[in-house]
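What follows is a short report on a single structure.
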Amino acid sequence: MTDAPRRPPFQLGKLGHIALHVADIPRSRRFYTEVLGFEVSDEYGAEMQPAGAVFLRCNPDHHGIALFQATAECPPGAGMHHLAFEVPTLDDVFRVRAHLRRHNVPIDFDGRRRAGVQIAVEFRDPDDHRLEVYWGIDQIQPGEASRPADQWKGAKSLEDAIADPVIGQDTRLKDPSLAGS
């Protein structure tokens with residue numbers, strides 16, 4: 001009999017969102033909005049993401065689905081862009097990063113992305129699936145507009161994200177010793 005696996009020092013709260021590679025962003029946007037009733041939160045033009053992207057919501061989370069243009073390397077329907085998990089506190093994002101480092105998992109990104117302004121750690125599983133663990137995604141009620149792009153404040157580390165918060169995002173850690181871990 002083997003020992004039970006040790007629990008990580010954080011708890012994933014929910015499956016947060018999925019980003020998909022699609023053949024035709026406008027066609028997929030119409031499907032998700034007109035057929036399934038999603039609302040558009042934000043869009044990236046080609047200057048921000050090759051061929052653009054669109055972020056869609058079906059609840060108050062800034063996005064539940066993001067659509068990215070498929071490429072030769074990532075064809076439509078062949079896989080996802082990334083899968084994201086929400087954690088309940090900002091401290092948990094720092095704990096995730098420290099836990100990944102202890103397990104020698106390479107980190108692709110930590111900090112704050114743009115649309116949705118969630119603070120996140122991004123990495124890959126053993127099969128190279130892109131994963132994200134995040135906290136603090138914008139909440140938008142039906143019919144409301146999303147945060148203006150000039151308030152997004154991308155940050156290239158967790159420490160930069162907490163040092164320069166976006167409007168309405170409380171980035172105080174309950175355990176300040178986690179910063180830099």
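FYI, nothing fancy with the structure tokens labels: chains A, B, ... in order, residues from 1 per chain, ligands from 1 as they appear.
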
Spatial neighbours of A:Ala155, 12 Å, only C-alpha atoms, chain gap at least 5 places, as a compact mmCIF listing (two decimals) with C-alpha atoms, in the first residue's frame:
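around_0.txt was written with the following content:
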```txt
# COMPACT_ATOMS: atom_id res chain seq x y z
CA PHE A 109 4.32 33.65 -16.50
CA ASP A 110 3.38 35.13 -13.17
CA GLY A 111 1.76 38.53 -12.75
CA ARG A 112 -1.34 40.25 -14.12
CA ARG A 113 -2.64 39.76 -17.64
CA ARG A 114 -4.66 42.44 -19.42
CA VAL A 117 -7.05 41.77 -14.81
CA GLN A 118 -6.71 38.50 -12.93
CA ILE A 119 -3.45 37.87 -11.08
CA ALA A 120 -2.09 34.53 -12.18
CA VAL A 121 0.60 31.90 -12.46
CA ASP A 160 4.65 43.96 -9.57
CA ALA A 161 0.92 43.14 -9.64
CA ILE A 162 0.48 43.74 -5.90
CA ALA A 163 2.70 46.84 -5.93
CA ASP A 164 0.57 48.48 -8.66
CA PRO A 165 -3.06 47.33 -8.24
CA VAL A 166 -5.84 48.09 -10.68
```

Just want the 8 Å neighbourhood of A:Asp138, counted on only C-alpha atoms, with same-chain residues fewer than 2 positions away dropped. Output as a list in words.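 So, after excluding close chain neighbours, the residues are Pro60, Asp61, His62, Gly116, Val117, Gln118, Gly136, Ile140 and Arg147 of chain A.
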
Any idea what the distance is between atom CA of A:Gly37 and atom CA of A:Ile25?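 Taking atom CA of A:Gly37 as the start and atom CA of A:Ile25 as the end point, the length is 16.1 Å.
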
Give me, as a ChimeraX atom specification, the residues of stretch 2-131 of chain A that a backbone DSSP run labels strand (DSSP E). /A:14-22,39-44,53-57,65-69,80-86,107-112,119-124,130-131

Same residues, N, CA and C atoms, output as a short mmCIF file (atom, residue, chain, number, x, y, z; two decimals), in the first residue's frame:
```cif
data_model
loop_
_atom_site.label_atom_id
_atom_site.label_comp_id
_atom_site.auth_asym_id
_atom_site.auth_seq_id
_atom_site.Cartn_x
_atom_site.Cartn_y
_atom_site.Cartn_z
N LYS A 14 -12.46 26.50 -8.35
CA LYS A 14 -13.34 26.07 -9.43
C LYS A 14 -12.57 26.09 -10.74
N LEU A 15 -13.13 25.42 -11.73
CA LEU A 15 -12.64 25.56 -13.08
C LEU A 15 -13.07 26.94 -13.52
N GLY A 16 -12.14 27.78 -13.85
CA GLY A 16 -12.45 29.18 -14.10
C GLY A 16 -12.82 29.51 -15.52
N HIS A 17 -11.97 29.17 -16.47
CA HIS A 17 -12.27 29.44 -17.87
C HIS A 17 -11.43 28.55 -18.76
N ILE A 18 -11.82 28.49 -20.02
CA ILE A 18 -11.06 27.74 -21.02
C ILE A 18 -10.88 28.66 -22.22
N ALA A 19 -9.71 28.57 -22.81
CA ALA A 19 -9.41 29.33 -24.03
C ALA A 19 -9.20 28.33 -25.16
N LEU A 20 -9.87 28.58 -26.27
CA LEU A 20 -9.88 27.64 -27.38
C LEU A 20 -9.23 28.23 -28.63
N HIS A 21 -8.62 27.37 -29.43
CA HIS A 21 -8.15 27.74 -30.76
C HIS A 21 -9.30 27.51 -31.72
N VAL A 22 -9.69 28.52 -32.49
CA VAL A 22 -10.80 28.40 -33.42
C VAL A 22 -10.36 28.82 -34.83
N GLU A 39 -22.05 36.85 -23.56
CA GLU A 39 -21.82 38.27 -23.85
C GLU A 39 -20.33 38.49 -24.07
N VAL A 40 -19.99 39.42 -24.96
CA VAL A 40 -18.59 39.76 -25.19
C VAL A 40 -18.14 40.71 -24.09
N SER A 41 -17.02 40.38 -23.44
CA SER A 41 -16.44 41.26 -22.43
C SER A 41 -15.38 42.16 -23.04
N ASP A 42 -14.47 41.57 -23.82
CA ASP A 42 -13.38 42.32 -24.42
C ASP A 42 -12.90 41.62 -25.67
N GLU A 43 -12.16 42.38 -26.48
CA GLU A 43 -11.53 41.83 -27.67
C GLU A 43 -10.11 42.35 -27.76
N TYR A 44 -9.22 41.53 -28.29
CA TYR A 44 -7.86 41.95 -28.61
C TYR A 44 -7.76 42.08 -30.11
N ALA A 53 -8.30 38.12 -30.50
CA ALA A 53 -8.92 37.20 -29.55
C ALA A 53 -10.21 37.86 -29.05
N VAL A 54 -11.13 37.05 -28.56
CA VAL A 54 -12.35 37.58 -27.98
C VAL A 54 -12.62 36.85 -26.67
N PHE A 55 -13.07 37.59 -25.65
CA PHE A 55 -13.34 37.07 -24.32
C PHE A 55 -14.85 37.14 -24.08
N LEU A 56 -15.45 36.00 -23.72
CA LEU A 56 -16.90 35.88 -23.59
C LEU A 56 -17.29 35.42 -22.19
N ARG A 57 -18.48 35.89 -21.73
CA ARG A 57 -18.93 35.50 -20.40
C ARG A 57 -20.37 35.02 -20.44
N ILE A 65 -15.04 31.74 -21.53
CA ILE A 65 -14.41 31.22 -22.75
C ILE A 65 -13.66 32.36 -23.41
N ALA A 66 -12.45 32.06 -23.86
CA ALA A 66 -11.69 32.99 -24.70
C ALA A 66 -11.41 32.28 -26.01
N LEU A 67 -11.53 33.00 -27.10
CA LEU A 67 -11.31 32.43 -28.43
C LEU A 67 -10.06 33.04 -29.04
N PHE A 68 -9.11 32.18 -29.43
CA PHE A 68 -7.87 32.59 -30.07
C PHE A 68 -7.82 32.00 -31.47
N GLN A 69 -7.23 32.71 -32.40
CA GLN A 69 -7.12 32.23 -33.77
C GLN A 69 -6.24 30.99 -33.83
N MET A 80 -6.86 23.04 -26.81
CA MET A 80 -7.20 24.31 -26.18
C MET A 80 -5.96 25.20 -26.14
N HIS A 81 -6.21 26.47 -25.97
CA HIS A 81 -5.14 27.45 -25.75
C HIS A 81 -4.64 27.30 -24.32
N HIS A 82 -5.58 27.34 -23.34
CA HIS A 82 -5.24 27.05 -21.95
C HIS A 82 -6.50 26.77 -21.13
N LEU A 83 -6.28 26.19 -19.98
CA LEU A 83 -7.33 25.88 -19.01
C LEU A 83 -6.96 26.59 -17.72
N ALA A 84 -7.94 27.24 -17.08
CA ALA A 84 -7.64 28.03 -15.90
C ALA A 84 -8.46 27.59 -14.70
N PHE A 85 -7.83 27.67 -13.53
CA PHE A 85 -8.46 27.32 -12.25
C PHE A 85 -8.41 28.54 -11.34
N GLU A 86 -9.52 28.83 -10.69
CA GLU A 86 -9.59 29.95 -9.75
C GLU A 86 -9.25 29.48 -8.34
N ILE A 107 7.73 27.83 -14.77
CA ILE A 107 6.63 28.80 -14.80
C ILE A 107 6.80 29.65 -16.05
N ASP A 108 5.74 29.69 -16.87
CA ASP A 108 5.76 30.49 -18.10
C ASP A 108 5.52 31.97 -17.81
N PHE A 109 4.69 32.27 -16.80
CA PHE A 109 4.32 33.65 -16.50
C PHE A 109 3.77 33.72 -15.09
N ASP A 110 4.11 34.79 -14.40
CA ASP A 110 3.38 35.13 -13.17
C ASP A 110 3.23 36.64 -13.15
N GLY A 111 2.04 37.10 -12.77
CA GLY A 111 1.76 38.53 -12.75
C GLY A 111 0.30 38.78 -13.06
N ARG A 112 0.03 39.90 -13.75
CA ARG A 112 -1.34 40.25 -14.12
C ARG A 112 -1.42 40.36 -15.63
N ILE A 119 -4.85 38.10 -11.46
CA ILE A 119 -3.45 37.87 -11.08
C ILE A 119 -3.24 36.37 -11.13
N ALA A 120 -2.18 35.94 -11.82
CA ALA A 120 -2.09 34.53 -12.18
C ALA A 120 -0.67 34.00 -12.23
N VAL A 121 -0.62 32.67 -12.19
CA VAL A 121 0.60 31.90 -12.46
C VAL A 121 0.25 30.97 -13.62
N GLU A 122 1.10 30.95 -14.64
CA GLU A 122 0.85 30.10 -15.80
C GLU A 122 2.02 29.12 -15.96
N PHE A 123 1.68 27.87 -16.29
CA PHE A 123 2.67 26.80 -16.37
C PHE A 123 2.10 25.70 -17.26
N ARG A 124 2.81 24.59 -17.40
CA ARG A 124 2.34 23.50 -18.26
C ARG A 124 2.34 22.18 -17.51
N ARG A 130 -1.22 24.06 -21.48
CA ARG A 130 -1.03 25.32 -20.76
C ARG A 130 -2.11 25.45 -19.68
N LEU A 131 -1.68 25.71 -18.45
CA LEU A 131 -2.58 25.85 -17.30
C LEU A 131 -2.37 27.20 -16.64
#
```

Point out the residue among A:Lys174, A:Ala51, A:Trp152, A:Ala72 with the least atom-to-atom distance to A:Pro26, counting only C-alpha atoms. A:Ala51

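Going from atom CA of A:His63 to atom CA of A:Gln141 covers 11.7 Å.
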
So which residues touch A:Ala98 within 12 Å, counting only C-alpha atoms, skipping near sequence neighbours fewer than 6 positions away, as a ChimeraX atom specification? /A:8-10,91-92,104-107,110,121,158,177-181

Take the residues just selected and output them with N, CA and C atoms as a PDB file, in the first residue's frame.
```pdb
ATOM      1  N   PRO A   8      -1.623  19.899  -1.457  1.00  0.00           N
ATOM      2  CA  PRO A   8      -0.856  21.127  -1.676  1.00  0.00           C
ATOM      3  C   PRO A   8      -1.262  22.205  -0.676  1.00  0.00           C
ATOM      4  N   PRO A   9      -0.472  23.256  -0.532  1.00  0.00           N
ATOM      5  CA  PRO A   9      -0.759  24.319   0.446  1.00  0.00           C
ATOM      6  C   PRO A   9      -1.781  25.338  -0.054  1.00  0.00           C
ATOM      7  N   PHE A  10      -2.638  24.939  -0.970  1.00  0.00           N
ATOM      8  CA  PHE A  10      -3.677  25.808  -1.517  1.00  0.00           C
ATOM      9  C   PHE A  10      -4.838  24.917  -1.928  1.00  0.00           C
ATOM     10  N   ASP A  91      -3.345  35.249  -1.685  1.00  0.00           N
ATOM     11  CA  ASP A  91      -2.286  34.479  -1.017  1.00  0.00           C
ATOM     12  C   ASP A  91      -2.114  33.107  -1.668  1.00  0.00           C
ATOM     13  N   ASP A  92      -3.236  32.499  -2.089  1.00  0.00           N
ATOM     14  CA  ASP A  92      -3.155  31.186  -2.726  1.00  0.00           C
ATOM     15  C   ASP A  92      -2.370  31.223  -4.032  1.00  0.00           C
ATOM     16  N   ASN A 104       9.825  21.867  -9.060  1.00  0.00           N
ATOM     17  CA  ASN A 104      10.600  22.091 -10.287  1.00  0.00           C
ATOM     18  C   ASN A 104       9.738  22.169 -11.543  1.00  0.00           C
ATOM     19  N   VAL A 105       8.553  22.757 -11.413  1.00  0.00           N
ATOM     20  CA  VAL A 105       7.683  22.976 -12.563  1.00  0.00           C
ATOM     21  C   VAL A 105       8.035  24.343 -13.150  1.00  0.00           C
ATOM     22  N   PRO A 106       8.488  24.387 -14.403  1.00  0.00           N
ATOM     23  CA  PRO A 106       8.806  25.686 -15.009  1.00  0.00           C
ATOM     24  C   PRO A 106       7.559  26.572 -15.090  1.00  0.00           C
ATOM     25  N   ILE A 107       7.728  27.826 -14.767  1.00  0.00           N
ATOM     26  CA  ILE A 107       6.632  28.795 -14.801  1.00  0.00           C
ATOM     27  C   ILE A 107       6.799  29.649 -16.052  1.00  0.00           C
ATOM     28  N   ASP A 110       4.108  34.793 -14.395  1.00  0.00           N
ATOM     29  CA  ASP A 110       3.381  35.132 -13.171  1.00  0.00           C
ATOM     30  C   ASP A 110       3.231  36.638 -13.152  1.00  0.00           C
ATOM     31  N   VAL A 121      -0.616  32.672 -12.191  1.00  0.00           N
ATOM     32  CA  VAL A 121       0.603  31.904 -12.464  1.00  0.00           C
ATOM     33  C   VAL A 121       0.254  30.971 -13.619  1.00  0.00           C
ATOM     34  N   LEU A 158       4.193  38.602  -9.850  1.00  0.00           N
ATOM     35  CA  LEU A 158       3.189  38.749  -8.797  1.00  0.00           C
ATOM     36  C   LEU A 158       3.502  39.963  -7.941  1.00  0.00           C
ATOM     37  N   SER A 177       4.704  37.540   4.041  1.00  0.00           N
ATOM     38  CA  SER A 177       5.930  36.774   3.853  1.00  0.00           C
ATOM     39  C   SER A 177       5.879  35.938   2.569  1.00  0.00           C
ATOM     40  N   LEU A 178       4.714  35.776   1.975  1.00  0.00           N
ATOM     41  CA  LEU A 178       4.591  35.000   0.740  1.00  0.00           C
ATOM     42  C   LEU A 178       5.215  35.707  -0.450  1.00  0.00           C
ATOM     43  N   ALA A 179       5.255  37.039  -0.437  1.00  0.00           N
ATOM     44  CA  ALA A 179       5.855  37.793  -1.554  1.00  0.00           C
ATOM     45  C   ALA A 179       7.331  37.406  -1.679  1.00  0.00           C
ATOM     46  N   GLY A 180       7.741  37.154  -2.899  1.00  0.00           N
ATOM     47  CA  GLY A 180       9.125  36.755  -3.141  1.00  0.00           C
ATOM     48  C   GLY A 180       9.358  35.264  -2.994  1.00  0.00           C
ATOM     49  N   SER A 181       8.300  34.494  -2.667  1.00  0.00           N
ATOM     50  CA  SER A 181       8.488  33.047  -2.488  1.00  0.00           C
ATOM     51  C   SER A 181       8.444  32.321  -3.810  1.00  0.00           C
TER      52      SER A 181
END
```

Report, in Å with one decimal, the straight-line distance from atom CA of A:Gly13 to atom CA of A:His103.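 One can read the atom CA of A:Gly13 to atom CA of A:His103 distance as 21.1 Å.
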
Which residue gives the smallest distance to A:Ala149 among A:Val96, A:Met48, A:Val87, A:Leu12, with only C-alpha atoms counted? A:Met48

Would you please give, as a PyMOL selection string, all residues of stretch 24-64 of chain A that DSSP assigns to alpha helix (DSSP H) based on the backbone? chain A and resi 25-30

Could the residues in this selection be saved with C-alpha atoms as an mmCIF file, in the first residue's frame?
```cif
data_model
loop_
_atom_site.group_PDB
_atom_site.id
_atom_site.type_symbol
_atom_site.label_atom_id
_atom_site.label_comp_id
_atom_site.auth_asym_id
_atom_site.auth_seq_id
_atom_site.Cartn_x
_atom_site.Cartn_y
_atom_site.Cartn_z
ATOM 1 C CA ILE A 25 -13.063 34.043 -34.581
ATOM 2 C CA PRO A 26 -16.071 36.014 -35.933
ATOM 3 C CA ARG A 27 -17.937 32.770 -36.740
ATOM 4 C CA SER A 28 -17.218 31.320 -33.292
ATOM 5 C CA ARG A 29 -18.105 34.621 -31.627
ATOM 6 C CA ARG A 30 -21.517 34.527 -33.371
#
```
